[in-house]
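S.K.: To be precise about what I am sending: the file is called upload-v5.txt and holds compact mmCIF, C-alpha atoms and all ligand atoms.
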# COMPACT_ATOMS: atom_id res chain seq x y z
CA MET A 1 -6.82 -13.87 0.28
CA ASN A 2 -6.23 -16.08 3.27
CA ALA A 3 -5.72 -14.41 6.65
CA THR A 4 -4.06 -17.45 8.20
CA THR A 5 -1.12 -17.28 5.79
CA GLU A 6 -0.51 -13.59 6.47
CA LYS A 7 3.00 -13.09 7.81
CA PRO A 8 3.49 -10.98 10.95
CA LYS A 9 5.04 -7.61 10.18
CA ALA A 10 8.83 -7.70 10.21
CA THR A 11 10.75 -5.27 12.39
CA LEU A 12 14.31 -4.02 12.00
CA SER A 13 17.00 -4.37 14.66
CA LYS A 14 17.93 -0.98 16.17
CA PRO A 15 21.31 -0.68 14.39
CA THR A 16 19.69 -1.69 11.10
CA GLU A 17 17.01 0.96 11.53
CA LEU A 18 19.71 3.55 12.12
CA LEU A 19 21.53 2.35 9.00
CA PHE A 20 18.31 2.89 7.01
CA TRP A 21 18.09 6.48 8.32
CA LEU A 22 21.66 7.11 7.24
CA ALA A 23 21.24 5.43 3.85
CA ALA A 24 18.21 7.63 3.16
CA ARG A 25 20.52 10.70 2.93
CA SER A 26 22.12 9.38 -0.27
CA HIS A 27 19.88 9.17 -3.34
CA SER A 28 21.86 6.16 -4.60
CA LEU A 29 21.44 4.24 -1.35
CA ALA A 30 17.87 5.43 -0.74
CA GLU A 31 16.91 3.81 -4.02
CA GLN A 32 18.56 0.50 -3.13
CA PHE A 33 17.24 0.50 0.45
CA GLY A 34 13.77 1.57 -0.70
CA VAL A 35 13.54 4.51 1.70
CA GLN A 36 12.73 8.20 1.60
CA LEU A 37 13.12 10.95 4.21
CA ILE A 38 9.99 13.05 4.53
CA ASP A 39 9.60 16.34 6.38
CA GLU A 40 6.39 16.07 8.32
CA GLN A 41 4.49 18.90 10.00
CA THR A 42 4.18 18.39 13.78
CA PHE A 43 0.97 19.12 15.71
CA ARG A 44 0.12 20.16 19.25
CA CYS A 45 -3.11 20.10 21.21
CA GLY A 46 -5.16 23.27 20.63
CA THR A 47 -6.32 23.24 24.28
CA CYS A 48 -3.40 22.18 26.51
CA HIS A 49 -0.59 22.56 23.91
CA ALA A 50 0.83 19.08 24.57
CA ASP A 51 2.76 17.61 21.63
CA LEU A 52 0.55 15.25 19.67
CA PRO A 53 2.07 12.10 18.22
CA HIS A 54 -0.81 11.91 15.69
CA ALA A 55 -2.83 14.88 14.46
CA ASP A 56 -5.91 12.74 13.84
CA GLU A 57 -6.21 11.34 17.39
CA ASP A 58 -7.61 12.95 20.55
CA CYS A 59 -5.07 14.59 22.87
CA PRO A 60 -3.72 11.87 25.21
CA LYS A 61 -3.45 14.45 28.03
CA CYS A 62 -6.77 16.35 28.00
CA GLY A 63 -8.87 14.51 25.41
CA SER A 64 -9.28 17.60 23.21
CA LYS A 65 -10.09 16.92 19.56
CA VAL A 66 -8.49 20.14 18.33
CA ALA A 67 -5.00 19.74 16.82
CA GLU A 68 -3.02 22.71 15.56
CA PRO A 69 0.17 22.73 13.46
CA THR A 70 3.27 23.84 15.40
CA GLY A 71 4.99 25.25 12.31
CA ALA A 72 7.89 22.87 12.99
CA PHE A 73 8.74 19.79 10.97
CA LYS A 74 10.28 16.50 11.87
CA GLU A 75 11.87 13.91 9.64
CA ARG A 76 10.09 10.66 9.10
CA LEU A 77 11.51 7.63 7.32
CA LYS A 78 9.22 6.12 4.74
CA ILE A 79 10.06 2.50 3.91
CA PHE A 80 8.68 1.15 0.63
CA PRO A 81 7.81 -2.49 0.12
CA GLN A 82 10.50 -4.11 -2.05
CA PRO A 83 12.77 -7.16 -1.86
CA ARG A 84 15.76 -6.77 0.45
CA PRO A 85 17.59 -10.11 0.35
CA TRP A 86 20.33 -8.61 2.54
CA LEU A 87 18.01 -8.37 5.54
CA THR A 88 18.07 -11.64 7.45
CA PRO A 89 16.70 -12.72 10.86
CA VAL A 90 18.73 -11.60 13.90
CA HIS A 91 18.27 -15.08 15.37
CA PRO A 92 16.40 -18.20 14.15
CA SER A 93 14.08 -17.94 17.16
CA ARG A 94 13.03 -14.41 16.10
CA PRO A 95 12.36 -14.76 12.35
CA ASN A 96 10.54 -11.41 12.13
CA GLU A 97 13.32 -9.28 13.57
CA LEU A 98 15.59 -8.49 10.65
CA THR A 99 19.16 -7.27 10.59
CA PHE A 100 21.48 -6.00 7.89
CA ASN A 101 23.57 -8.90 6.60
CA PRO A 102 26.93 -7.63 5.23
CA GLU A 103 27.84 -10.95 3.57
CA VAL A 104 24.66 -10.93 1.50
CA TYR A 105 24.76 -7.16 0.92
CA ALA A 106 28.30 -7.41 -0.48
CA LYS A 107 26.94 -9.44 -3.39
CA SER A 108 25.22 -6.25 -4.61
CA LEU A 109 28.44 -4.21 -4.65
CA SER A 110 29.27 -4.50 -8.33
CA ASP A 111 25.69 -4.84 -9.53
CA CYS A 112 25.50 -1.08 -10.33
CA SER A 113 27.38 1.92 -11.73
CA GLU A 114 30.91 2.64 -10.52
CA TYR A 115 29.82 5.54 -8.32
CA THR A 116 26.84 3.78 -6.86
CA GLU A 117 29.32 1.04 -5.99
CA HIS A 118 31.37 3.58 -3.99
CA MET A 119 28.25 4.41 -1.95
CA ARG A 120 27.44 0.74 -1.40
CA ARG A 121 30.99 0.09 -0.25
CA PHE A 122 30.71 3.12 2.02
CA ILE A 123 27.51 2.04 3.80
CA LEU A 124 28.89 -1.49 4.13
CA ASN A 125 31.97 -0.09 5.88
CA VAL A 126 29.79 2.12 8.09
CA TRP A 127 28.12 -1.08 9.23
CA LEU A 128 31.31 -3.13 9.62
CA ARG A 129 33.44 -0.46 11.35
CA ASN A 130 36.38 -2.72 10.56
CA PRO A 131 38.48 -1.59 7.58
CA THR A 132 40.97 -4.44 8.00
CA TYR A 133 38.23 -7.03 7.74
CA ALA A 134 36.66 -5.16 4.81
CA LYS A 135 40.03 -5.22 3.03
CA THR A 136 40.48 -8.96 3.47
CA LYS A 137 37.04 -9.42 1.88
CA GLY A 138 37.76 -6.98 -0.99
CA TRP A 139 35.09 -4.56 0.27
CA GLU A 140 37.28 -1.55 1.09
CA PHE A 141 36.00 1.99 0.53
CA ASP A 142 38.41 4.45 -1.07
CA LEU A 143 37.31 7.96 -0.09
CA PHE A 144 39.67 9.72 -2.49
CA LYS A 145 38.59 7.65 -5.47
CA ALA A 146 34.96 8.16 -4.49
CA MET A 147 35.37 11.93 -4.12
CA ARG A 148 36.43 12.28 -7.74
CA GLY A 149 33.08 11.09 -9.03
CA LEU A 150 30.34 11.31 -6.43
CA ASP A 151 27.66 13.94 -6.97
CA SER A 152 27.04 16.58 -4.32
CA ASN A 153 24.09 14.73 -2.77
CA ASN A 154 26.18 11.59 -2.20
CA LEU A 155 29.16 13.61 -0.95
CA ASP A 156 26.86 15.39 1.53
CA ALA A 157 25.56 12.00 2.67
CA VAL A 158 29.10 10.71 3.23
CA ALA A 159 30.00 13.87 5.19
CA PHE A 160 26.80 13.67 7.25
CA ILE A 161 27.37 10.03 8.18
CA ILE A 162 31.02 10.61 9.09
CA ARG A 163 29.92 13.44 11.43
CA TYR A 164 26.95 11.54 12.82
CA PRO A 165 27.42 11.36 16.62
CA GLN A 166 25.61 8.06 17.13
CA TRP A 167 27.78 6.23 14.63
CA PRO A 168 29.79 4.30 15.52
ZN ZN B 201 -4.61 18.56 25.26
Mind converting the file's structure to structure tokens?

M.R.:
Amino acid sequence: MNATTEKPKATLSKPTELLFWLAARSHSLAEQFGVQLIDEQTFRCGTCHADLPHADEDCPKCGSKVAEPTGAFKERLKIFPQPRPWLTPVHPSRPNELTFNPEVYAKSLSDCSEYTEHMRRFILNVWLRNPTYAKTKGWEFDLFKAMRGLDSNNLDAVAFIIRYPQWP
């Protein structure tokens, strides 16, 4: 192991991070993106009741070491290490800030089952927000065709993303 060759940790552009959160709702896309949504217990300080970002650290407000579970859960996105050739640098000067690259991603469209392909076309169109452009590239998403075969998890994911207030 050589510390000098260690690459700095890559970060995702904001829109790409959001796309990962959305993709995690579909089991087909979660597998390709290498992500999982996890419900995590939240904690508060046992002394001053401030919300604690980490249960294993002292309270940032009063220094108390006592954390207690709130009984509430929040979603956390777990990102697994795996190759993602469709993430490319936002700008050559910032090689560690990665963004979703639709041109590269589109190469994966037919590299899967027919119904996984519907989901891949869907998330690609969520990113593009430009059905005319998608059509000229042959990347269009056909909701009615997709509906005939998608399982309930993927249909729920499509419905969730369509309703999602921050997208577009
Ligand atoms: Zn406290």

S.K.: Neighbours of Arg148 of chain A within 12 Å (all atoms listed in the file; same-chain residues fewer than 6 positions away dropped), as a PyMOL selection string?

M.R.: chain A and resi 114-115+118+142+154-155

S.K.: Would you mind exporting C-alpha atoms of the selected residues as a PDB file, in the frame of the given file?

M.R.:
ATOM      1  CA  GLU A 114      30.910   2.640 -10.520  1.00  0.00           C
ATOM      2  CA  TYR A 115      29.820   5.540  -8.320  1.00  0.00           C
ATOM      3  CA  HIS A 118      31.370   3.580  -3.990  1.00  0.00           C
ATOM      4  CA  ASP A 142      38.410   4.450  -1.070  1.00  0.00           C
ATOM      5  CA  ASN A 154      26.180  11.590  -2.200  1.00  0.00           C
ATOM      6  CA  LEU A 155      29.160  13.610  -0.950  1.00  0.00           C
TER       7      LEU A 155
END

S.K.: Measuring between only C-alpha atoms, which one of A:Lys107, A:Leu12, A:Gly138, A:Glu40 shows the shortest distance to Pro95 of chain A?

M.R.: A:Leu12

S.K.: From the set A:His91, A:Arg129, A:Arg84, A:Lys61, which residue has the shortest atom-to-atom contact distance to ligand ZN 201 (chain B), counting all atoms listed in the file?

M.R.: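 Nearest candidate to ligand ZN 201 (chain B) out of A:His91, A:Arg129, A:Arg84, A:Lys61: A:Lys61.
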
S.K.: Put a box with edges along x, y and z around all the listed atoms of segment 64-76 of chain A, pad it by 3 Å on each side, then give me its centre and sizes in Å, one decimal, as lines of an AutoDock Vina configuration file.

M.R.:
center_x = 0.9
center_y = 18.0
center_z = 16.2
size_x = 28.0
size_y = 20.6
size_z = 20.1

S.K.: May I ask you to write as a list in words all residues lying at most 7 Å from ligand ZN 201 (chain B), with only C-alpha atoms and all ligand atoms counted?

M.R.: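 Sorted by chain and then by number, the residues are Cys45, Gly46, Thr47, Cys48, His49, Ala50, Cys59, Pro60, Lys61, Cys62, Gly63 and Ser64 of chain A.
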
S.K.: Got time to write the residues from that selection, C-alpha atoms, as a PDB file, in the frame of the given file?

M.R.:
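Below is the file again37.pdb, written as the result:
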ATOM      1  CA  CYS A  45      -3.110  20.100  21.210  1.00  0.00           C
ATOM      2  CA  GLY A  46      -5.160  23.270  20.630  1.00  0.00           C
ATOM      3  CA  THR A  47      -6.320  23.240  24.280  1.00  0.00           C
ATOM      4  CA  CYS A  48      -3.400  22.180  26.510  1.00  0.00           C
ATOM      5  CA  HIS A  49      -0.590  22.560  23.910  1.00  0.00           C
ATOM      6  CA  ALA A  50       0.830  19.080  24.570  1.00  0.00           C
ATOM      7  CA  CYS A  59      -5.070  14.590  22.870  1.00  0.00           C
ATOM      8  CA  PRO A  60      -3.720  11.870  25.210  1.00  0.00           C
ATOM      9  CA  LYS A  61      -3.450  14.450  28.030  1.00  0.00           C
ATOM     10  CA  CYS A  62      -6.770  16.350  28.000  1.00  0.00           C
ATOM     11  CA  GLY A  63      -8.870  14.510  25.410  1.00  0.00           C
ATOM     12  CA  SER A  64      -9.280  17.600  23.210  1.00  0.00           C
TER      13      SER A  64
END

S.K.: Using all atoms listed in the file, which of the listed residues (A:Thr70, A:Thr132, A:Thr88, A:Ser26) sits closest to Pro102 of chain A?

M.R.: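 Nearest to Pro102 of chain A: A:Thr88.
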
S.K.: Hey, can you check how far atom CA of Gly71 of chain A sits from atom CA of Asp56 of chain A?

M.R.: 16.7 Å

S.K.: Which of these, A:Ala55, A:Leu77, A:Val126, A:Val35, has the shortest distance to Arg163 of chain A once you count all atoms listed in the file?

M.R.: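 Between A:Ala55, A:Leu77, A:Val126, A:Val35, the residue approaching Arg163 of chain A most closely is A:Val126.
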
S.K.: Work out how far atom CA of Arg121 of chain A is from atom CA of Glu75 of chain A, in Å to one decimal.

M.R.: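 Interatomic distance, atom CA of Glu75 of chain A to atom CA of Arg121 of chain A: 25.6 Å.
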
S.K.: I'd like the neighbourhood of Thr42 of chain A as a JSON list (two decimals) with C-alpha atoms, keeping the file's coordinate frame, where a residue qualifies if any of its atoms comes within 6 Å (using only C-alpha atoms), though same-chain residues fewer than 2 positions away should be ignored.

M.R.:
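Output contents, as saved in around-v3.json:
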[["chain", "number", "residue", "atom", "x", "y", "z"],
["A", 69, "PRO", "CA", 0.17, 22.73, 13.46],
["A", 70, "THR", "CA", 3.27, 23.84, 15.40],
["A", 72, "ALA", "CA", 7.89, 22.87, 12.99],
["A", 73, "PHE", "CA", 8.74, 19.79, 10.97]]

S.K.: Measuring atom to atom with only C-alpha atoms, identify which of A:Leu52, A:Ala67, A:Pro92, A:Leu19 is nearest to Asn125 of chain A.

M.R.: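 Ranking A:Leu52, A:Ala67, A:Pro92, A:Leu19 by distance to Asn125 of chain A, first place goes to A:Leu19.
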
S.K.: Distance atom CA of Leu22 of chain A-atom CA of His54 of chain A, one decimal place?

M.R.: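 Going from atom CA of Leu22 of chain A over to atom CA of His54 of chain A covers 24.5 Å.
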
S.K.: Counting all atoms listed in the file, figure out which residue out of A:Met119, A:Ala157, A:Ala23, A:Ala106 gets nearest to Trp139 of chain A.

M.R.: A:Ala106
